[in-house]
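Structure file target_20.txt (compact mmCIF, C-alpha atoms) follows.
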# COMPACT_ATOMS: atom_id res chain seq x y z
CA GLY D 636 -18.33 -15.10 19.61
CA MET D 637 -17.30 -12.63 16.98
CA ALA D 638 -15.49 -9.34 17.30
CA ALA D 639 -14.38 -6.76 14.77
CA LEU D 640 -10.62 -6.78 15.02
CA GLY D 641 -7.85 -5.83 12.67
CA PRO D 642 -4.83 -7.87 11.59
CA ARG D 643 -2.77 -6.28 14.37
CA SER D 644 -4.84 -8.26 16.92
CA VAL D 645 -3.85 -11.70 15.61
CA GLN D 646 -0.37 -11.71 17.13
CA GLN D 647 -1.60 -10.52 20.53
CA ILE D 648 -4.38 -13.11 20.67
CA LEU D 649 -2.17 -16.02 19.62
CA GLU D 650 0.61 -15.02 22.03
CA ALA D 651 -1.89 -14.97 24.90
CA LYS D 652 -3.58 -18.23 23.89
CA PRO D 653 -1.69 -20.22 21.22
CA ASP D 654 -4.43 -22.86 20.88
CA PHE D 655 -7.18 -20.27 20.35
CA GLU D 656 -9.44 -21.12 17.41
CA TYR D 657 -9.23 -17.99 15.31
CA GLY D 658 -10.55 -17.19 11.87
CA SER D 659 -11.13 -14.14 9.76
CA THR D 660 -13.58 -12.88 7.22
CA LEU D 661 -14.45 -9.63 5.58
CA LEU D 662 -17.12 -7.25 6.87
CA PRO D 663 -20.00 -7.59 6.63
CA TYR D 664 -20.09 -11.36 6.85
CA GLN D 665 -21.91 -13.01 3.96
CA PRO D 666 -25.55 -13.14 5.06
CA PRO D 667 -27.83 -16.09 4.25
CA GLY D 668 -28.96 -15.92 0.63
CA ALA D 669 -26.16 -13.59 -0.50
CA THR D 670 -24.00 -14.77 -3.37
CA GLU D 671 -20.76 -13.19 -2.12
CA PRO D 672 -19.28 -12.04 1.17
CA GLY D 673 -18.78 -8.40 1.99
CA ALA D 674 -15.53 -6.76 1.02
CA GLY D 675 -14.83 -4.55 4.00
CA THR D 676 -12.30 -4.63 6.77
CA TRP D 677 -10.97 -2.23 9.37
CA ILE D 678 -8.47 -0.10 7.50
CA GLY D 679 -7.03 2.97 9.03
CA GLY D 680 -3.41 3.38 9.72
CA TRP D 681 -1.18 4.85 12.31
CA GLY D 682 0.59 8.11 12.71
CA ALA D 683 4.01 9.01 14.00
CA PHE D 684 5.45 12.40 14.78
CA ILE D 685 8.51 14.17 16.10
CA PRO D 686 7.75 16.60 18.93
CA SER D 687 8.95 20.15 18.30
CA GLU D 688 11.00 19.89 21.52
CA ALA D 689 12.82 16.70 20.42
CA LYS D 690 16.50 16.77 21.41
CA HIS D 691 17.53 14.71 18.37
CA PRO D 692 15.04 15.44 15.55
CA GLU D 693 17.35 14.16 12.80
CA ALA D 694 17.77 10.79 14.54
CA ALA D 695 14.02 10.67 15.18
CA TRP D 696 13.34 11.34 11.50
CA GLU D 697 15.81 8.63 10.48
CA PHE D 698 14.02 6.15 12.75
CA LEU D 699 10.59 7.11 11.37
CA ARG D 700 11.84 6.76 7.81
CA TRP D 701 13.39 3.37 8.64
CA PHE D 702 10.33 1.78 10.26
CA ALA D 703 7.80 3.25 7.81
CA ALA D 704 9.56 3.19 4.44
CA THR D 705 12.27 0.54 4.24
CA PRO D 706 11.95 -3.21 3.71
CA GLU D 707 13.86 -3.99 6.93
CA GLY D 708 12.05 -1.46 9.10
CA THR D 709 8.55 -2.27 7.91
CA LEU D 710 9.19 -5.97 8.41
CA ALA D 711 10.54 -5.34 11.93
CA GLU D 712 7.48 -3.19 12.73
CA PHE D 713 5.11 -5.83 11.35
CA GLU D 714 6.77 -8.67 13.26
CA THR D 715 6.79 -6.63 16.48
CA VAL D 716 3.54 -4.67 16.43
CA ASN D 717 1.69 -6.53 13.63
CA TYR D 718 0.36 -3.41 11.90
CA PRO D 719 0.15 -3.81 8.13
CA PRO D 720 2.73 -1.62 6.40
CA GLY D 721 1.84 1.28 4.15
CA TYR D 722 5.03 0.76 2.14
CA LEU D 723 4.43 -1.38 -0.96
CA GLY D 724 8.06 -2.55 -0.96
CA SER D 725 7.65 -4.21 2.43
CA PRO D 726 8.26 -7.97 2.68
CA ALA D 727 5.55 -7.98 5.36
CA LEU D 728 2.95 -7.78 2.59
CA ALA D 729 4.06 -11.17 1.25
CA LYS D 730 3.69 -12.59 4.78
CA MET D 731 0.16 -11.18 5.00
CA ARG D 732 -0.73 -12.55 1.56
CA ALA D 733 0.50 -16.05 2.52
CA ASP D 734 -1.26 -16.14 5.90
CA PRO D 735 -4.86 -17.45 5.75
CA ILE D 736 -5.85 -15.34 8.77
CA LEU D 737 -4.35 -12.11 7.41
CA ARG D 738 -5.20 -12.66 3.72
CA PRO D 739 -8.69 -11.06 3.87
CA SER D 740 -7.17 -7.88 5.30
CA TYR D 741 -4.40 -7.97 2.69
CA ASP D 742 -6.91 -8.33 -0.19
CA ALA D 743 -9.18 -5.58 1.12
CA MET D 744 -6.24 -3.29 1.82
CA LEU D 745 -4.89 -3.50 -1.72
CA ALA D 746 -8.34 -3.02 -3.27
CA ALA D 747 -9.38 -0.12 -1.03
CA THR D 748 -9.82 3.45 -2.12
CA ASN D 749 -10.37 6.45 0.15
CA ILE D 750 -9.15 4.41 3.08
CA LYS D 751 -8.51 7.15 5.58
CA PRO D 752 -11.13 9.69 6.51
CA SER D 753 -9.84 13.13 5.69
CA LEU D 754 -10.66 14.71 9.01
CA PRO D 755 -8.27 15.88 11.72
CA GLU D 756 -10.13 14.03 14.45
CA THR D 757 -9.61 10.58 12.91
CA ASN D 758 -8.04 9.15 16.09
CA TYR D 759 -10.93 10.44 18.20
CA PHE D 760 -13.40 8.91 15.73
CA SER D 761 -11.55 5.56 15.84
CA GLN D 762 -11.60 5.54 19.64
CA GLN D 763 -15.31 6.32 19.67
CA LEU D 764 -15.95 3.47 17.23
CA GLU D 765 -13.98 1.04 19.37
CA ILE D 766 -15.81 2.03 22.55
CA HIS D 767 -19.34 2.14 21.18
CA VAL D 768 -19.15 -0.80 18.77
CA ALA D 769 -18.00 -2.89 21.76
CA ARG D 770 -21.01 -1.65 23.72
CA ALA D 771 -23.27 -2.79 20.86
CA VAL D 772 -21.48 -6.15 20.54
CA TYR D 773 -22.04 -6.78 24.26
CA GLY D 774 -25.71 -5.84 24.01
CA GLU D 775 -25.49 -2.68 26.13
CA VAL D 776 -26.92 -0.53 23.33
CA SER D 777 -28.32 -1.12 19.85
CA ALA D 778 -26.03 -0.79 16.84
CA ARG D 779 -28.06 2.23 15.72
CA GLU D 780 -27.62 3.91 19.11
CA ALA D 781 -23.89 3.16 19.10
CA MET D 782 -23.48 4.79 15.69
CA ARG D 783 -25.62 7.77 16.74
CA VAL D 784 -23.38 8.38 19.77
CA VAL D 785 -20.21 8.01 17.68
CA LYS D 786 -21.55 10.51 15.15
CA GLU D 787 -22.68 12.99 17.81
CA ASN D 788 -19.45 12.80 19.80
CA THR D 789 -17.26 13.08 16.70
CA ARG D 790 -19.21 16.07 15.39
CA ARG D 791 -18.79 17.76 18.77
CA GLU D 792 -15.04 17.04 18.72
CA ALA D 793 -14.77 18.37 15.15
CA GLU D 794 -16.49 21.58 16.22
CA ARG D 795 -14.20 21.91 19.23
CA PHE D 796 -11.17 21.42 16.98
CA LYS D 797 -12.37 24.02 14.47
CA ASN D 798 -12.97 26.54 17.24
CA GLN D 799 -9.57 25.86 18.80
CA MET D 800 -7.84 26.33 15.44
CA GLY D 801 -9.90 29.37 14.51
CA LEU D 802 -11.36 27.67 11.44
Could you render the structure from this file as structure tokens?
Amino acid sequence: GMAALGPRSVQQILEAKPDFEYGSTLLPYQPPGATEPGAGTWIGGWGAFIPSEAKHPEAAWEFLRWFAATPEGTLAEFETVNYPPGYLGSPALAKMRADPILRPSYDAMLAATNIKPSLPETNYFSQQLEIHVARAVYGEVSAREAMRVVKENTRREAERFKNQMGL
């Protein structure tokens, strides 16, 4: 079967089942009769924060800076969590480029523009996509219905957020 996963999933899958036959391609897959494959992939990112009540905010900031914006930290993060770095000086990018499984994500990531939706409820939207795309993949709902529900739920969450913030 096929599933839409990001590069972060590779490490988890291969640790659980080292002999798993695993491949990657860009989205959408090249349909019959097309001359080239699609050029999309899941690109989003992650966020990190320091709670206002943190007892050691300076140390927390130093850690965030280390794992997100230094060669050593971004490589450690990539080798541990397997999320592609956002720091162009990261040696993890060379590892992605050299890996045939991760290369499609690497190529799409470097060519992408407007990669992160500029809406505060991005995490909610991503969760909704994960839930409802899986439902479509497993045949519980049509792809159109899954996208309708994601859109409806995310719009409702955006409205709730605006009301909460007084926007």
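Between Gln647 (chain D) and the candidates D:Tyr718, D:Tyr773, D:Trp696, D:Tyr741, the tightest atom-to-atom separation, counting only C-alpha atoms, involves D:Tyr718.
The shortest atom-to-atom distance to Arg700 (chain D), with all atoms listed in the file taken into account, belongs to D:Gly721 out of D:Gly721, D:Pro653, D:Gly774, D:Pro726.
Closest approach to Ala781 (chain D) among D:Val716, D:Met731, D:Leu745, D:Val768: D:Val768, based on only C-alpha atoms.
Checking D:Lys652, D:Asp742, D:Leu737, D:Leu723 one by one against Thr705 (chain D), counting only C-alpha atoms, you find the shortest gap at D:Leu723.
Coordinates place CA of Ala727 (chain D) at a distance of 12.7 Å from CA of Ser740 (chain D).
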Please, what distance in Å, to one decimal, runs between CA of Ser687 (chain D) and CA of Glu792 (chain D)? 24.2 Å
Quick one, how far is CA of Pro739 (chain D) from CA of Phe713 (chain D)? 16.5 Å
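Of the residues under consideration (D:Ala733, D:Val784, D:Gly708, D:Glu756), D:Glu756 shows the shortest atom-to-atom contact distance to Lys797 (chain D) when counting only C-alpha atoms.
Distances to Trp701 (chain D) were evaluated for D:Ile736, D:His767, D:Tyr657, D:Tyr722 using all atoms listed in the file, and the minimum falls at D:Tyr722.
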For region 751-778 of chain D, write C-alpha atoms out as a CSV table (one decimal), in the first residue's frame.
chain,number,residue,atom,x,y,z
D,751,LYS,CA,4.1,27.2,5.5
D,752,PRO,CA,0.5,28.4,5.5
D,753,SER,CA,0.4,31.8,7.2
D,754,LEU,CA,-2.4,31.0,9.6
D,755,PRO,CA,-2.2,30.7,13.3
D,756,GLU,CA,-4.1,27.4,13.3
D,757,THR,CA,-1.5,25.5,11.2
D,758,ASN,CA,-1.0,22.7,13.7
D,759,TYR,CA,-4.8,22.2,13.9
D,760,PHE,CA,-5.0,22.1,10.1
D,761,SER,CA,-2.1,19.6,10.0
D,762,GLN,CA,-3.8,17.3,12.5
D,763,GLN,CA,-7.1,17.5,10.6
D,764,LEU,CA,-5.2,16.6,7.4
D,765,GLU,CA,-3.6,13.6,9.0
D,766,ILE,CA,-6.8,12.3,10.5
D,767,HIS,CA,-9.0,12.8,7.5
D,768,VAL,CA,-6.5,11.9,4.7
D,769,ALA,CA,-6.0,8.6,6.6
D,770,ARG,CA,-9.8,8.1,6.6
D,771,ALA,CA,-9.8,8.5,2.8
D,772,VAL,CA,-6.8,6.3,2.3
D,773,TYR,CA,-8.6,3.5,4.3
D,774,GLY,CA,-11.8,4.0,2.3
D,775,GLU,CA,-13.9,5.3,5.1
D,776,VAL,CA,-14.8,8.5,3.2
D,777,SER,CA,-14.1,9.9,-0.3
D,778,ALA,CA,-11.1,12.2,-0.8
